[in-house]
Structures are given as structure tokens and as C-alpha cells.
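Next comes final.csv, a file with CSV, C-alpha atoms.
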```
chain,number,residue,atom,x,y,z
F,1,MET,CA,-4.3,-25.7,10.6
F,2,THR,CA,-8.0,-24.9,10.9
F,3,THR,CA,-8.8,-21.4,9.7
F,4,GLY,CA,-12.0,-19.5,10.3
F,5,TYR,CA,-13.4,-17.0,7.8
F,6,VAL,CA,-15.8,-14.1,8.4
F,7,PHE,CA,-17.7,-12.5,5.6
F,8,HIS,CA,-21.2,-11.1,5.2
F,9,GLU,CA,-23.1,-9.7,2.2
F,10,HIS,CA,-24.0,-6.6,4.2
F,11,TYR,CA,-20.3,-5.6,4.3
F,12,LEU,CA,-20.7,-4.8,0.5
F,13,TRP,CA,-23.7,-2.7,1.1
F,14,HIS,CA,-21.9,0.0,3.1
F,15,ASP,CA,-22.5,2.9,0.7
F,16,THR,CA,-19.6,5.3,0.3
F,17,GLY,CA,-21.3,7.3,-2.4
F,18,THR,CA,-19.9,8.8,-5.6
F,19,SER,CA,-16.4,10.3,-5.7
F,20,ALA,CA,-13.4,10.6,-7.9
F,21,GLN,CA,-11.3,8.1,-5.9
F,22,MET,CA,-11.2,10.2,-2.7
F,23,MET,CA,-12.4,13.6,-3.9
F,24,PRO,CA,-16.1,14.4,-3.4
F,25,PRO,CA,-17.8,15.5,-6.6
F,26,ASP,CA,-18.1,19.3,-7.2
F,27,ARG,CA,-18.0,21.7,-10.1
F,28,PHE,CA,-14.7,20.4,-11.4
F,29,VAL,CA,-14.7,16.8,-10.1
F,30,GLU,CA,-16.7,14.4,-12.2
F,31,PRO,CA,-18.6,11.9,-10.1
F,32,GLY,CA,-17.3,8.3,-10.1
F,33,LEU,CA,-16.7,5.4,-7.7
F,34,HIS,CA,-15.3,6.1,-4.3
F,35,VAL,CA,-11.9,4.4,-3.8
F,36,GLU,CA,-13.2,2.6,-0.7
F,37,ALA,CA,-15.8,0.6,-2.8
F,38,PRO,CA,-17.0,-2.9,-2.3
F,39,ALA,CA,-15.1,-4.3,-5.3
F,40,THR,CA,-11.8,-5.3,-3.7
F,41,LYS,CA,-13.6,-7.3,-0.9
F,42,ARG,CA,-16.1,-8.8,-3.4
F,43,ARG,CA,-13.3,-10.0,-5.7
F,44,LEU,CA,-11.2,-11.4,-2.8
F,45,ASN,CA,-14.2,-13.3,-1.5
F,46,GLY,CA,-14.9,-14.5,-5.1
F,47,LEU,CA,-11.3,-15.7,-5.6
F,48,LEU,CA,-11.5,-17.7,-2.4
F,49,HIS,CA,-14.4,-19.6,-3.8
F,50,VAL,CA,-13.2,-19.9,-7.4
F,51,SER,CA,-9.9,-21.3,-6.2
F,52,GLY,CA,-11.5,-23.8,-3.9
F,53,LEU,CA,-9.7,-22.3,-0.9
F,54,ALA,CA,-13.1,-21.5,0.7
F,55,ARG,CA,-13.8,-25.2,1.1
F,56,HIS,CA,-10.8,-25.4,3.5
F,57,LEU,CA,-12.1,-22.6,5.7
F,58,VAL,CA,-14.5,-22.7,8.6
F,59,ARG,CA,-17.3,-20.2,8.1
F,60,ILE,CA,-17.9,-17.9,11.0
F,61,GLU,CA,-21.2,-16.0,11.0
F,62,PRO,CA,-20.7,-12.5,12.3
F,63,GLU,CA,-22.9,-11.0,15.0
F,64,PRO,CA,-23.2,-7.3,15.6
F,65,VAL,CA,-21.6,-5.7,18.6
F,66,THR,CA,-23.7,-3.4,20.8
F,67,ALA,CA,-23.5,0.3,21.5
F,68,GLU,CA,-22.2,-0.7,25.0
F,69,ASP,CA,-19.3,-2.6,23.3
F,70,LEU,CA,-18.5,0.5,21.2
F,71,ALA,CA,-18.6,2.7,24.4
F,72,ARG,CA,-15.5,0.9,25.7
F,73,VAL,CA,-13.5,2.6,22.9
F,74,HIS,CA,-15.6,5.5,21.6
F,75,THR,CA,-17.5,8.4,23.2
F,76,ARG,CA,-21.3,8.3,23.5
F,77,ARG,CA,-21.3,11.5,21.4
F,78,HIS,CA,-19.5,9.8,18.5
F,79,ILE,CA,-21.7,6.7,18.7
F,80,GLU,CA,-24.9,8.7,18.6
F,81,ASN,CA,-23.6,10.9,15.8
F,82,ILE,CA,-22.9,7.9,13.6
F,83,GLN,CA,-26.2,6.5,14.4
F,84,GLU,CA,-28.1,9.7,13.4
F,85,LEU,CA,-26.0,10.4,10.3
F,86,SER,CA,-26.6,6.8,9.2
F,87,LYS,CA,-30.4,7.5,9.0
F,88,VAL,CA,-29.7,10.1,6.3
F,89,GLY,CA,-26.6,8.9,4.5
F,90,GLY,CA,-24.8,10.5,1.6
F,91,ILE,CA,-22.7,12.7,3.8
F,92,TYR,CA,-19.3,12.6,5.6
F,93,ALA,CA,-19.2,11.6,9.2
F,94,GLY,CA,-15.6,12.8,9.7
F,95,PRO,CA,-12.5,13.6,7.7
F,96,GLN,CA,-12.6,11.4,4.6
F,97,ALA,CA,-15.2,9.2,6.2
F,98,PRO,CA,-18.3,8.9,4.0
F,99,ILE,CA,-21.4,7.3,5.5
F,100,GLY,CA,-24.5,5.8,3.8
F,101,ARG,CA,-28.0,4.9,4.9
F,102,GLY,CA,-27.7,2.0,7.2
F,103,SER,CA,-24.0,2.2,7.7
F,104,TYR,CA,-24.3,2.3,11.5
F,105,GLU,CA,-25.8,-1.2,11.6
F,106,ILE,CA,-23.2,-2.5,9.0
F,107,ALA,CA,-20.4,-1.0,11.1
F,108,LEU,CA,-21.7,-2.9,14.2
F,109,LEU,CA,-21.6,-6.0,12.1
F,110,SER,CA,-18.1,-5.2,10.9
F,111,ALA,CA,-16.7,-4.8,14.5
F,112,GLY,CA,-18.8,-7.9,15.3
F,113,GLY,CA,-17.1,-9.9,12.6
F,114,THR,CA,-13.7,-9.1,14.1
F,115,TRP,CA,-15.0,-9.9,17.6
F,116,MET,CA,-16.5,-13.3,16.4
F,117,ALA,CA,-13.2,-14.2,14.6
F,118,MET,CA,-11.3,-13.6,17.8
F,119,ALA,CA,-13.8,-15.3,20.1
F,120,THR,CA,-13.9,-18.3,17.8
F,121,VAL,CA,-10.1,-18.7,17.9
F,122,LEU,CA,-10.1,-18.3,21.7
F,123,SER,CA,-12.8,-21.0,21.9
F,124,GLY,CA,-10.4,-23.4,20.2
F,125,ARG,CA,-12.9,-24.1,17.4
F,126,VAL,CA,-10.3,-22.8,14.9
F,127,ASP,CA,-6.6,-22.2,15.1
F,128,ASN,CA,-6.6,-18.8,13.4
F,129,ALA,CA,-9.0,-16.6,11.4
F,130,TYR,CA,-9.4,-14.0,8.7
F,131,ALA,CA,-12.3,-11.5,9.0
F,132,LEU,CA,-13.1,-9.9,5.6
F,133,VAL,CA,-15.0,-7.0,7.1
F,134,ARG,CA,-16.1,-3.5,5.9
F,135,PRO,CA,-16.1,-0.6,6.8
F,136,PRO,CA,-12.5,-0.7,8.0
F,137,GLY,CA,-11.6,0.5,11.5
F,138,HIS,CA,-8.0,1.5,12.2
F,139,HIS,CA,-8.4,5.2,11.7
F,140,ALA,CA,-11.5,5.7,13.8
F,141,GLU,CA,-10.6,7.9,16.8
F,142,PRO,CA,-12.5,7.7,20.1
F,143,ASP,CA,-14.5,10.8,19.2
F,144,SER,CA,-14.4,10.9,15.4
F,145,ALA,CA,-14.8,8.9,12.3
F,146,MET,CA,-11.8,9.2,10.0
F,147,GLY,CA,-10.2,7.8,6.8
F,148,TYR,CA,-13.2,5.6,5.7
F,149,CYS,CA,-13.4,4.2,9.3
F,150,LEU,CA,-16.5,4.7,11.5
F,151,PHE,CA,-15.6,2.6,14.6
F,152,GLY,CA,-12.4,0.8,15.6
F,153,ASN,CA,-13.1,-2.9,14.7
F,154,ALA,CA,-10.1,-4.4,16.4
F,155,PRO,CA,-10.1,-2.2,19.6
F,156,VAL,CA,-13.8,-2.7,20.1
F,157,ALA,CA,-13.4,-6.5,19.8
F,158,ILE,CA,-10.4,-6.6,22.1
F,159,ARG,CA,-12.0,-4.5,24.8
F,160,ARG,CA,-15.1,-6.7,24.8
F,161,LEU,CA,-13.1,-9.9,25.2
F,162,GLN,CA,-10.9,-8.3,27.9
F,163,ALA,CA,-14.1,-7.2,29.7
F,164,GLU,CA,-15.4,-10.7,29.5
F,165,GLY,CA,-12.2,-12.1,31.0
F,166,LEU,CA,-11.5,-14.1,27.9
F,167,LEU,CA,-8.3,-12.2,26.8
F,168,GLY,CA,-5.4,-10.7,28.5
F,169,ARG,CA,-2.3,-9.4,26.6
F,170,VAL,CA,-2.8,-8.7,23.0
F,171,ALA,CA,-0.3,-7.7,20.3
F,172,ILE,CA,-1.6,-5.8,17.2
F,173,VAL,CA,0.5,-5.7,14.1
F,174,ASP,CA,-0.9,-3.1,11.6
F,175,TRP,CA,0.6,-3.6,8.1
F,176,ASP,CA,-1.7,-1.2,6.3
F,177,VAL,CA,0.2,1.4,4.4
F,178,HIS,CA,-1.4,4.1,6.4
F,179,HIS,CA,-0.7,4.6,10.1
F,180,GLY,CA,-3.1,3.0,12.5
F,181,ASN,CA,-3.8,6.2,14.4
F,182,GLY,CA,-7.2,5.1,15.9
F,183,THR,CA,-5.7,1.9,17.2
F,184,GLU,CA,-2.8,3.8,18.7
F,185,SER,CA,-5.2,6.2,20.4
F,186,ALA,CA,-7.3,3.4,21.9
F,187,PHE,CA,-4.3,1.7,23.6
F,188,TYR,CA,-1.7,4.5,24.0
F,189,ASP,CA,-1.6,4.3,27.8
F,190,ASP,CA,-2.4,0.6,28.1
F,191,PRO,CA,0.4,-2.0,28.8
F,192,SER,CA,-1.9,-4.9,28.1
F,193,VAL,CA,-1.8,-4.1,24.4
F,194,LEU,CA,1.3,-3.9,22.3
F,195,ALA,CA,0.4,-1.9,19.2
F,196,ILE,CA,2.9,-2.0,16.3
F,197,SER,CA,2.3,-0.1,13.1
F,198,ILE,CA,4.5,-0.4,10.0
F,199,HIS,CA,3.4,2.2,7.4
F,200,GLN,CA,4.5,4.7,4.8
F,201,ASP,CA,6.0,7.7,6.6
F,202,ASN,CA,3.7,10.6,7.0
F,203,LEU,CA,1.2,9.5,4.4
F,204,TYR,CA,-2.0,9.5,6.4
F,205,PRO,CA,-2.9,10.9,8.8
F,206,ILE,CA,-0.2,13.6,8.3
F,207,GLY,CA,1.8,14.1,11.5
F,208,ARG,CA,0.9,10.7,13.0
F,209,GLY,CA,3.0,7.5,13.3
F,210,ALA,CA,6.4,8.8,14.3
F,211,VAL,CA,9.0,6.6,16.0
F,212,ALA,CA,8.9,9.0,19.0
F,213,ASP,CA,5.2,8.2,19.6
F,214,ASN,CA,5.9,5.3,21.9
F,215,GLY,CA,3.0,5.3,24.4
F,216,SER,CA,2.4,7.3,27.6
F,217,GLY,CA,1.8,6.6,31.3
F,218,ASP,CA,1.6,2.9,32.1
F,219,GLY,CA,1.6,2.3,28.3
F,220,GLU,CA,5.0,4.0,27.7
F,221,GLY,CA,7.0,1.7,25.5
F,222,PHE,CA,4.1,-0.4,24.3
F,223,ASN,CA,3.4,1.6,21.2
F,224,ILE,CA,5.8,1.0,18.3
F,225,ASN,CA,5.8,2.8,15.0
F,226,ILE,CA,7.9,1.8,12.0
F,227,PRO,CA,7.5,4.6,9.5
F,228,LEU,CA,9.2,3.5,6.2
F,229,PRO,CA,10.1,5.9,3.4
F,230,PRO,CA,8.0,6.0,0.2
F,231,GLY,CA,9.2,3.4,-2.3
F,232,SER,CA,10.1,0.8,0.3
F,233,GLY,CA,9.8,-2.7,-1.1
F,234,THR,CA,10.1,-6.3,0.1
F,235,GLY,CA,13.6,-5.9,1.5
F,236,ALA,CA,12.6,-3.1,3.8
F,237,TYR,CA,9.4,-4.8,5.0
F,238,GLU,CA,11.0,-8.1,5.7
F,239,ALA,CA,13.9,-6.4,7.5
F,240,ALA,CA,11.5,-4.4,9.7
F,241,PHE,CA,9.7,-7.6,10.6
F,242,ASP,CA,12.9,-9.5,11.4
F,243,ARG,CA,14.5,-6.7,13.4
F,244,VAL,CA,11.5,-5.0,15.1
F,245,VAL,CA,8.2,-6.7,14.8
F,246,LEU,CA,9.2,-10.3,15.7
F,247,PRO,CA,11.6,-9.4,18.5
F,248,ALA,CA,8.9,-7.1,20.0
F,249,LEU,CA,6.4,-9.9,19.9
F,250,GLN,CA,8.9,-12.3,21.5
F,251,ALA,CA,9.6,-9.8,24.3
F,252,PHE,CA,5.9,-9.1,24.9
F,253,ARG,CA,4.6,-12.7,24.6
F,254,PRO,CA,0.9,-12.0,23.9
F,255,ASP,CA,-2.0,-14.3,24.4
F,256,MET,CA,-3.1,-13.5,20.8
F,257,ILE,CA,-1.7,-11.7,17.8
F,258,VAL,CA,-4.2,-9.5,15.8
F,259,VAL,CA,-3.2,-8.2,12.4
F,260,THR,CA,-5.1,-5.1,11.1
F,261,SER,CA,-4.6,-6.2,7.5
F,262,GLY,CA,-4.5,-3.6,4.8
F,263,PHE,CA,-3.1,-4.5,1.3
F,264,ASP,CA,-2.5,-0.9,0.2
F,265,GLY,CA,1.3,-1.4,0.6
F,266,ALA,CA,1.1,-3.4,-2.7
F,267,GLY,CA,2.8,-2.1,-5.8
F,268,PHE,CA,-0.4,-1.2,-7.7
F,269,ASP,CA,-2.3,0.5,-5.0
F,270,PRO,CA,-3.6,4.0,-5.9
F,271,LEU,CA,-3.2,5.4,-2.4
F,272,GLY,CA,0.2,4.1,-1.4
F,273,ARG,CA,3.7,4.4,-2.8
F,274,MET,CA,5.2,1.1,-1.6
F,275,MET,CA,6.2,-1.9,-3.7
F,276,LEU,CA,5.0,-5.1,-2.1
F,277,ASN,CA,3.6,-8.1,-4.0
F,278,SER,CA,1.5,-11.1,-2.9
F,279,GLU,CA,4.5,-13.3,-2.2
F,280,CYS,CA,5.9,-10.7,0.2
F,281,TYR,CA,2.6,-10.7,2.1
F,282,ARG,CA,2.7,-14.5,2.1
F,283,ARG,CA,6.2,-14.4,3.7
F,284,LEU,CA,5.1,-11.8,6.3
F,285,ALA,CA,2.0,-13.9,7.2
F,286,ARG,CA,4.3,-16.9,7.5
F,287,ARG,CA,6.5,-15.1,10.0
F,288,LEU,CA,3.5,-14.0,12.0
F,289,ALA,CA,2.0,-17.5,12.0
F,290,GLY,CA,5.4,-18.8,13.2
F,291,ALA,CA,5.5,-16.3,16.0
F,292,ALA,CA,1.9,-17.1,17.0
F,293,ALA,CA,2.8,-20.8,17.1
F,294,GLU,CA,5.8,-20.1,19.4
F,295,LEU,CA,4.2,-17.5,21.6
F,296,CYS,CA,0.5,-18.0,22.0
F,297,GLY,CA,-0.6,-21.4,20.8
F,298,GLY,CA,-1.1,-20.3,17.2
F,299,ARG,CA,-3.8,-17.8,18.1
F,300,LEU,CA,-3.6,-15.4,15.1
F,301,VAL,CA,-6.5,-13.2,13.8
F,302,MET,CA,-6.5,-10.9,10.8
F,303,THR,CA,-9.1,-8.3,10.3
F,304,HIS,CA,-9.4,-6.5,6.9
F,305,GLU,CA,-8.5,-2.8,6.6
F,306,GLY,CA,-7.5,-1.0,3.4
F,307,GLY,CA,-6.3,-1.9,0.0
F,308,TYR,CA,-7.7,-0.2,-3.1
F,309,SER,CA,-6.4,-1.9,-6.2
F,310,GLU,CA,-9.5,-3.7,-7.5
F,311,GLY,CA,-7.4,-6.2,-9.5
F,312,TYR,CA,-4.5,-6.8,-7.1
F,313,VAL,CA,-5.9,-6.9,-3.6
F,314,PRO,CA,-7.5,-10.3,-4.2
F,315,PHE,CA,-4.2,-12.0,-4.9
F,316,CYS,CA,-2.6,-10.5,-1.8
F,317,GLY,CA,-5.4,-11.5,0.5
F,318,HIS,CA,-5.6,-15.0,-1.1
F,319,ALA,CA,-1.9,-15.6,-0.5
F,320,VAL,CA,-2.3,-14.6,3.2
F,321,ILE,CA,-5.3,-16.8,3.7
F,322,GLU,CA,-3.6,-19.7,2.0
F,323,THR,CA,-0.8,-19.2,4.5
F,324,LEU,CA,-3.1,-19.2,7.5
F,325,ALA,CA,-4.8,-22.4,6.2
F,326,GLY,CA,-1.7,-24.2,5.2
F,327,VAL,CA,-3.2,-24.8,1.8
F,328,ARG,CA,-1.7,-24.0,-1.6
F,329,THR,CA,-4.2,-23.8,-4.5
F,330,GLU,CA,-3.7,-23.4,-8.2
F,331,VAL,CA,-3.9,-19.6,-8.1
F,332,VAL,CA,-1.0,-17.9,-9.7
F,333,ASP,CA,-0.5,-14.2,-9.2
F,334,PRO,CA,0.3,-12.8,-12.8
F,335,LEU,CA,2.1,-9.7,-11.4
F,336,THR,CA,4.2,-10.9,-8.5
F,337,ASP,CA,7.3,-11.6,-10.6
F,338,HIS,CA,6.9,-8.2,-12.4
F,339,ILE,CA,6.9,-6.4,-9.1
F,340,ASP,CA,9.9,-8.4,-7.9
F,341,GLU,CA,11.8,-7.0,-10.9
F,342,TRP,CA,11.2,-3.4,-10.0
F,343,GLY,CA,14.3,-1.5,-9.1
F,344,TRP,CA,15.2,-0.8,-5.4
F,345,GLN,CA,13.3,-3.8,-4.0
F,346,ALA,CA,16.2,-4.6,-1.7
F,347,LEU,CA,16.7,-2.8,1.6
F,348,GLN,CA,18.2,0.6,0.9
F,349,PRO,CA,20.5,2.6,3.2
F,350,HIS,CA,17.9,5.3,4.0
F,351,GLN,CA,15.3,2.7,4.8
F,352,ASP,CA,17.8,0.9,7.1
F,353,VAL,CA,18.2,4.1,9.0
F,354,MET,CA,14.5,4.2,9.8
F,355,ILE,CA,14.4,0.6,10.8
F,356,ALA,CA,17.4,1.0,13.0
F,357,ARG,CA,15.6,3.9,14.9
F,358,ALA,CA,12.6,1.6,15.5
F,359,GLU,CA,14.9,-1.2,16.6
F,360,GLY,CA,15.8,0.8,19.7
F,361,LEU,CA,12.2,0.6,20.8
F,362,VAL,CA,12.4,-3.2,21.3
F,363,ASP,CA,15.1,-2.7,24.0
F,364,ARG,CA,12.9,-0.1,25.6
F,365,LEU,CA,9.9,-2.4,25.5
F,366,ALA,CA,12.0,-5.2,27.1
F,367,ALA,CA,13.1,-2.8,29.8
F,368,ARG,CA,9.6,-1.7,30.6
F,369,LEU,CA,8.4,-5.3,30.8
F,370,SER,CA,11.3,-6.1,33.1
F,371,ALA,CA,10.5,-3.2,35.3
F,372,ARG,CA,6.8,-4.1,35.5
F,373,ALA,CA,7.7,-7.7,36.4
F,374,GLY,CA,9.9,-6.5,39.2
F,375,ARG,CA,7.1,-4.5,40.9
```

Here is the file; what I need is its structure written in the form of C-alpha cells.
Amino acid sequence: MTTGYVFHEHYLWHDTGTSAQMMPPDRFVEPGLHVEAPATKRRLNGLLHVSGLARHLVRIEPEPVTAEDLARVHTRRHIENIQELSKVGGIYAGPQAPIGRGSYEIALLSAGGTWMAMATVLSGRVDNAYALVRPPGHHAEPDSAMGYCLFGNAPVAIRRLQAEGLLGRVAIVDWDVHHGNGTESAFYDDPSVLAISIHQDNLYPIGRGAVADNGSGDGEGFNINIPLPPGSGTGAYEAAFDRVVLPALQAFRPDMIVVTSGFDGAGFDPLGRMMLNSECYRRLARRLAGAAAELCGGRLVMTHEGGYSEGYVPFCGHAVIETLAGVRTEVVDPLTDHIDEWGWQALQPHQDVMIARAEGLVDRLAARLSARAGR
């Protein structure tokens, strides 16, 4: 396989300011690093080079999207607000969405990195791609920044390629531990995009990501949420993929699969309460690569979202990119066996109940597809 790789030094320059993880400093909160800091991305990029894996990747230089590209997903008011706030920096552009000086331009480059990864795959230059971009995007609503996200990287990229006539049906698989609310909002009534989010139930944003939220209008049935209970491990995630994600992809038969790739479902993440390790992410990536090979000529693009364990995110991302490239390096995750030994890693009955509820959505999707084909 030929795998593209997007990265830019400016992604590390997005300044989220000082904080105590996610709490802004005040009288009783000592300033420190914000949890959405550059370190996890810098370390992942560094590990790719130290391991030699980077030599097997095709470098894709990101280009910024335009305000017109953003406007296919976001309101003009939101775009102009981010642009103005970025001139000042050091403030919050929305709920839990810090913005620094120059963050508007970096956010254009972040969405542009996702767009370039997808465009390069569609061109046939590479088979698949990973975009290590920042700031992330899957929480950004059409009219608001949210959850460290300023603009929706994947939605903006998809809408541009669709407008250019280069892309038709797209399936998005969001495996970030938080619900992909911004992505859901962007495509909730659109049957050309199948949006699947597997996440910790009611973690963030509160009240979003329920199984019942299944799309509306023409998009009814094309939005699938799989909310897993806190403490879910490899057994629950793999069951959810085998019983919901993969059958939904097979029913939809997309032209491309896009993964909004957060590694905050890992066992050492400070913001999630799940129990995945790098080998589980490798197995999930292998499943998606297999589905892409069967359904859409191998066209698979992953764009980076969350993941806040400075030490552990690099091993998860490295395992996934190894899988995309079909290359195994000498890197050994020192913690994967330890996480495997944690109790309750196997699928538990209460987790099975939630997956079973989501399974019913696959039949509903198939029925909607059949009805549309019969028109």
C-alpha cells in the first residue's frame, strides 16, 4: 500500500494558552499546560521518524482552504468571529474552545490538510492517507467553535470535494471517545454522507450522541451513534465494529471512508474512561482497511482529532499508520500487554445491550437505501 502523510509545523503553533488540563486559570486554579497541547502530535510525528516508518510514507504538503470552503459548512458569522478573535488570541471562541493569535490561519491549514489528504487519495497518487492536523474539528458546530475545535476539518473537506464533483457518497467513522457532534450536525439531513460515531456515552457534549439521533428528512437513517458505557474495552469496541460499523459500511457502499481519528479511548487518556490499547486500534484500522479494499478501491483517509495522553497517543497513532502502510517497524508498545490484562476487557452484558440497540440501525439504513433505490 502507498500511504500519504500530512503534517505541518504550524499545526504545533496553534496556541491554546495556559490551563490546568481543561480548566482556565483563576484564583484557585494554578496555570499550567492546556490538555489540547502540541505534545501528543509532536511526539507522534517524532516516533514516525525515529522508527523509520516516515520513510515509507508519501509526504503530502497541506494547502489552506478558503473562507468560501468554510462557508459550505459554517455560517459567515462564525467564520468572521474566528477570524477577528484570532487577531487578539488568548481567549475562548466557544465552549472549551481556546484560540490563539494566528489560529484562524492555522485552522484553515488544518482543514486544508484533511482536504489535501482526501484529494490525493482520490487522485490515485496514494492508496490511503493519515492527516496529523491541529486544531481538531469534529466538535465545531455550523455557528460555533466547541471542544477545542474551530472548524469542521472533515466536513469542510468533504463539501469542497463534493462541490468539485470529485466525491459522491462518503462514510465517516468517528472513533474519538467524544461524540462527533459537529460532524453529525453538518450531515444530519444528507443521505450522501453516512456518519457513524462510536463514543463514550454522554461524556461530551452532554446530551449528544444518543442511539435515537438517527438523522432527519432525507438523511433519516444515515446517522448512526454507538454510545458505549464508560469502562468499555477492546471486546466492546471490536464487537461494535463487527456488528454495526462494518455492516453499515457494507450496506452504504461509500466512494471513500473517512475516519475522524481520536485516540482518547486509550486506557491512559486523562479525558476518557475507556480501556483501549494500541493493538486494539491496529485491529480496528485493519478492519476499516479491509472494508475500504472491498467497497471503495481502498480509499481510506484518517484525520487526527483528540487524544491527550502525551506518552501513549504516539503508540496508538503509530500502530494505525503502520497498518495503513502495511509496514511493521521495530517499535514495541511497552503498555499494550498491561492494558490487555486489565479486568473487564471482554464484552460485558451491559455493553452488549447498547451495541444491540445500535445494531437495529443497520437494518433501518438498509431499508432507507432500498427505498431510495426504488424511487

Distance criterion (only C-alpha atoms): nearest to Pro349 (chain F) out of F:Thr120, F:Ser232, F:Thr66, F:Thr183: F:Ser232

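Comparing the minimum interatomic distances between Leu246 (chain F) and each of F:Ile321, F:Cys280, F:Ala186, F:Ile172, counting all atoms listed in the file, we find that F:Ile172 sits nearest.
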
Counting only C-alpha atoms, what is within 10 Å of region 326-329 of chain F, bar same-chain residues fewer than 2 positions away, as a list in words?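 Near region 326-329 of chain F, the qualifying residues are Met1, Thr2, Thr3, Leu48, Ser51, Gly52, Leu53, His56, Leu57, Arg286, His318, Ala319, Val320, Ile321, Glu322, Thr323, Leu324, Val331 and Val332 of chain F.
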
Go through F:Thr303, F:Ser185, F:Asn202, F:Ser144 one by one, measure the shortest atom-to-atom distance of each to Val258 (chain F) using only C-alpha atoms, and give the residue with the smallest value.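 Looking only at the distances to Val258 (chain F), the closest residue turns out to be F:Thr303.
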
Could you list, as a list in words, every residue within 8 Å of region 69-85 of chain F, counting only C-alpha atoms and ignoring same-chain residues fewer than 5 positions away?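 In the requested form, the answer reads Ile91, Ala93, Ile99, Arg101, Tyr104, Glu141, Pro142, Asp143, Ser144, Ala145, Leu150, Phe151, Gly152, Pro155, Val156, Ala157, Arg159, Arg160 and Ala186 of chain F.
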
Ranking F:Tyr204, F:Tyr281, F:Trp175, F:Phe28 by minimum distance to Val245 (chain F) and counting all atoms listed in the file, which one comes first? F:Trp175

Neighbouring residues of region 130-134 of chain F were defined as those with any atom within 6 Å, considering all atoms listed in the file; residues of the same chain fewer than 4 positions away were excluded. Please report them as a compact mmCIF listing (two decimals) with C-alpha atoms, keeping the file's coordinate frame.
```
# COMPACT_ATOMS: atom_id res chain seq x y z
CA TYR F 5 -13.40 -17.00 7.80
CA VAL F 6 -15.80 -14.10 8.40
CA PHE F 7 -17.70 -12.50 5.60
CA TYR F 11 -20.30 -5.60 4.30
CA SER F 110 -18.10 -5.20 10.90
CA THR F 114 -13.70 -9.10 14.10
CA VAL F 301 -6.50 -13.20 13.80
CA MET F 302 -6.50 -10.90 10.80
CA THR F 303 -9.10 -8.30 10.30
CA HIS F 304 -9.40 -6.50 6.90
```

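Reported to one decimal place, the separation of CA of Tyr237 (chain F) from CA of Gln348 (chain F) is 11.1 Å.
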
Quick one: residues within 10 Å of Arg372 (chain F), only C-alpha atoms counted, chain neighbours fewer than 5 positions away excluded, as a PDB file with C-alpha atoms, keeping the file's coordinate frame?
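Ended up saving to selection.pdb:
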```
ATOM      1  CA  PRO F 191       0.400  -2.000  28.800  1.00  0.00           C
ATOM      2  CA  ASP F 218       1.600   2.900  32.100  1.00  0.00           C
ATOM      3  CA  ALA F 366      12.000  -5.200  27.100  1.00  0.00           C
ATOM      4  CA  ALA F 367      13.100  -2.800  29.800  1.00  0.00           C
TER       5      ALA F 367
END
```

Determine, counting all atoms listed in the file, every residue of protein, DNA or RNA that lies within 12 Å of (1.1, 1.4, -4.3) in the file coordinates, then give the result as a PDB file with C-alpha atoms, keeping the file's coordinate frame.
```pdb
ATOM      1  CA  ASP F 176      -1.700  -1.200   6.300  1.00  0.00           C
ATOM      2  CA  VAL F 177       0.200   1.400   4.400  1.00  0.00           C
ATOM      3  CA  HIS F 178      -1.400   4.100   6.400  1.00  0.00           C
ATOM      4  CA  HIS F 199       3.400   2.200   7.400  1.00  0.00           C
ATOM      5  CA  GLN F 200       4.500   4.700   4.800  1.00  0.00           C
ATOM      6  CA  LEU F 203       1.200   9.500   4.400  1.00  0.00           C
ATOM      7  CA  PRO F 230       8.000   6.000   0.200  1.00  0.00           C
ATOM      8  CA  GLY F 231       9.200   3.400  -2.300  1.00  0.00           C
ATOM      9  CA  SER F 232      10.100   0.800   0.300  1.00  0.00           C
ATOM     10  CA  GLY F 233       9.800  -2.700  -1.100  1.00  0.00           C
ATOM     11  CA  GLY F 262      -4.500  -3.600   4.800  1.00  0.00           C
ATOM     12  CA  PHE F 263      -3.100  -4.500   1.300  1.00  0.00           C
ATOM     13  CA  ASP F 264      -2.500  -0.900   0.200  1.00  0.00           C
ATOM     14  CA  GLY F 265       1.300  -1.400   0.600  1.00  0.00           C
ATOM     15  CA  ALA F 266       1.100  -3.400  -2.700  1.00  0.00           C
ATOM     16  CA  GLY F 267       2.800  -2.100  -5.800  1.00  0.00           C
ATOM     17  CA  PHE F 268      -0.400  -1.200  -7.700  1.00  0.00           C
ATOM     18  CA  ASP F 269      -2.300   0.500  -5.000  1.00  0.00           C
ATOM     19  CA  PRO F 270      -3.600   4.000  -5.900  1.00  0.00           C
ATOM     20  CA  LEU F 271      -3.200   5.400  -2.400  1.00  0.00           C
ATOM     21  CA  GLY F 272       0.200   4.100  -1.400  1.00  0.00           C
ATOM     22  CA  ARG F 273       3.700   4.400  -2.800  1.00  0.00           C
ATOM     23  CA  MET F 274       5.200   1.100  -1.600  1.00  0.00           C
ATOM     24  CA  MET F 275       6.200  -1.900  -3.700  1.00  0.00           C
ATOM     25  CA  LEU F 276       5.000  -5.100  -2.100  1.00  0.00           C
ATOM     26  CA  ASN F 277       3.600  -8.100  -4.000  1.00  0.00           C
ATOM     27  CA  GLY F 306      -7.500  -1.000   3.400  1.00  0.00           C
ATOM     28  CA  GLY F 307      -6.300  -1.900   0.000  1.00  0.00           C
ATOM     29  CA  TYR F 308      -7.700  -0.200  -3.100  1.00  0.00           C
ATOM     30  CA  SER F 309      -6.400  -1.900  -6.200  1.00  0.00           C
ATOM     31  CA  TYR F 312      -4.500  -6.800  -7.100  1.00  0.00           C
ATOM     32  CA  VAL F 313      -5.900  -6.900  -3.600  1.00  0.00           C
ATOM     33  CA  ILE F 339       6.900  -6.400  -9.100  1.00  0.00           C
TER      34      ILE F 339
END
```

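Nearest to Val65 (chain F) of all the residues F:Ala251, F:Gln351, F:Asp340, F:Ala111 is F:Ala111, based on all atoms listed in the file.
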
Write a file for region 189-197 of chain F, containing N, CA and C atoms (output as a short mmCIF file (atom, residue, chain, number, x, y, z; two decimals), in the first residue's frame).
```cif
data_model
loop_
_atom_site.label_atom_id
_atom_site.label_comp_id
_atom_site.auth_asym_id
_atom_site.auth_seq_id
_atom_site.Cartn_x
_atom_site.Cartn_y
_atom_site.Cartn_z
N ASP F 189 -29.07 15.79 7.71
CA ASP F 189 -30.18 15.60 6.76
C ASP F 189 -29.69 15.24 5.36
N ASP F 190 -28.48 14.70 5.28
CA ASP F 190 -27.85 14.44 3.98
C ASP F 190 -27.62 12.95 3.78
N PRO F 191 -28.31 12.32 2.82
CA PRO F 191 -28.13 10.89 2.59
C PRO F 191 -26.86 10.54 1.82
N SER F 192 -26.10 11.55 1.37
CA SER F 192 -24.85 11.25 0.66
C SER F 192 -23.70 10.97 1.62
N VAL F 193 -23.94 11.22 2.92
CA VAL F 193 -22.89 11.00 3.93
C VAL F 193 -23.45 10.13 5.05
N LEU F 194 -22.82 8.98 5.25
CA LEU F 194 -23.13 8.12 6.38
C LEU F 194 -22.17 8.49 7.52
N ALA F 195 -22.72 8.99 8.61
CA ALA F 195 -21.91 9.42 9.75
C ALA F 195 -22.10 8.43 10.89
N ILE F 196 -21.01 7.78 11.30
CA ILE F 196 -21.04 6.81 12.39
C ILE F 196 -20.11 7.30 13.49
N SER F 197 -20.63 7.41 14.71
CA SER F 197 -19.81 7.82 15.85
C SER F 197 -19.88 6.76 16.94
#
```
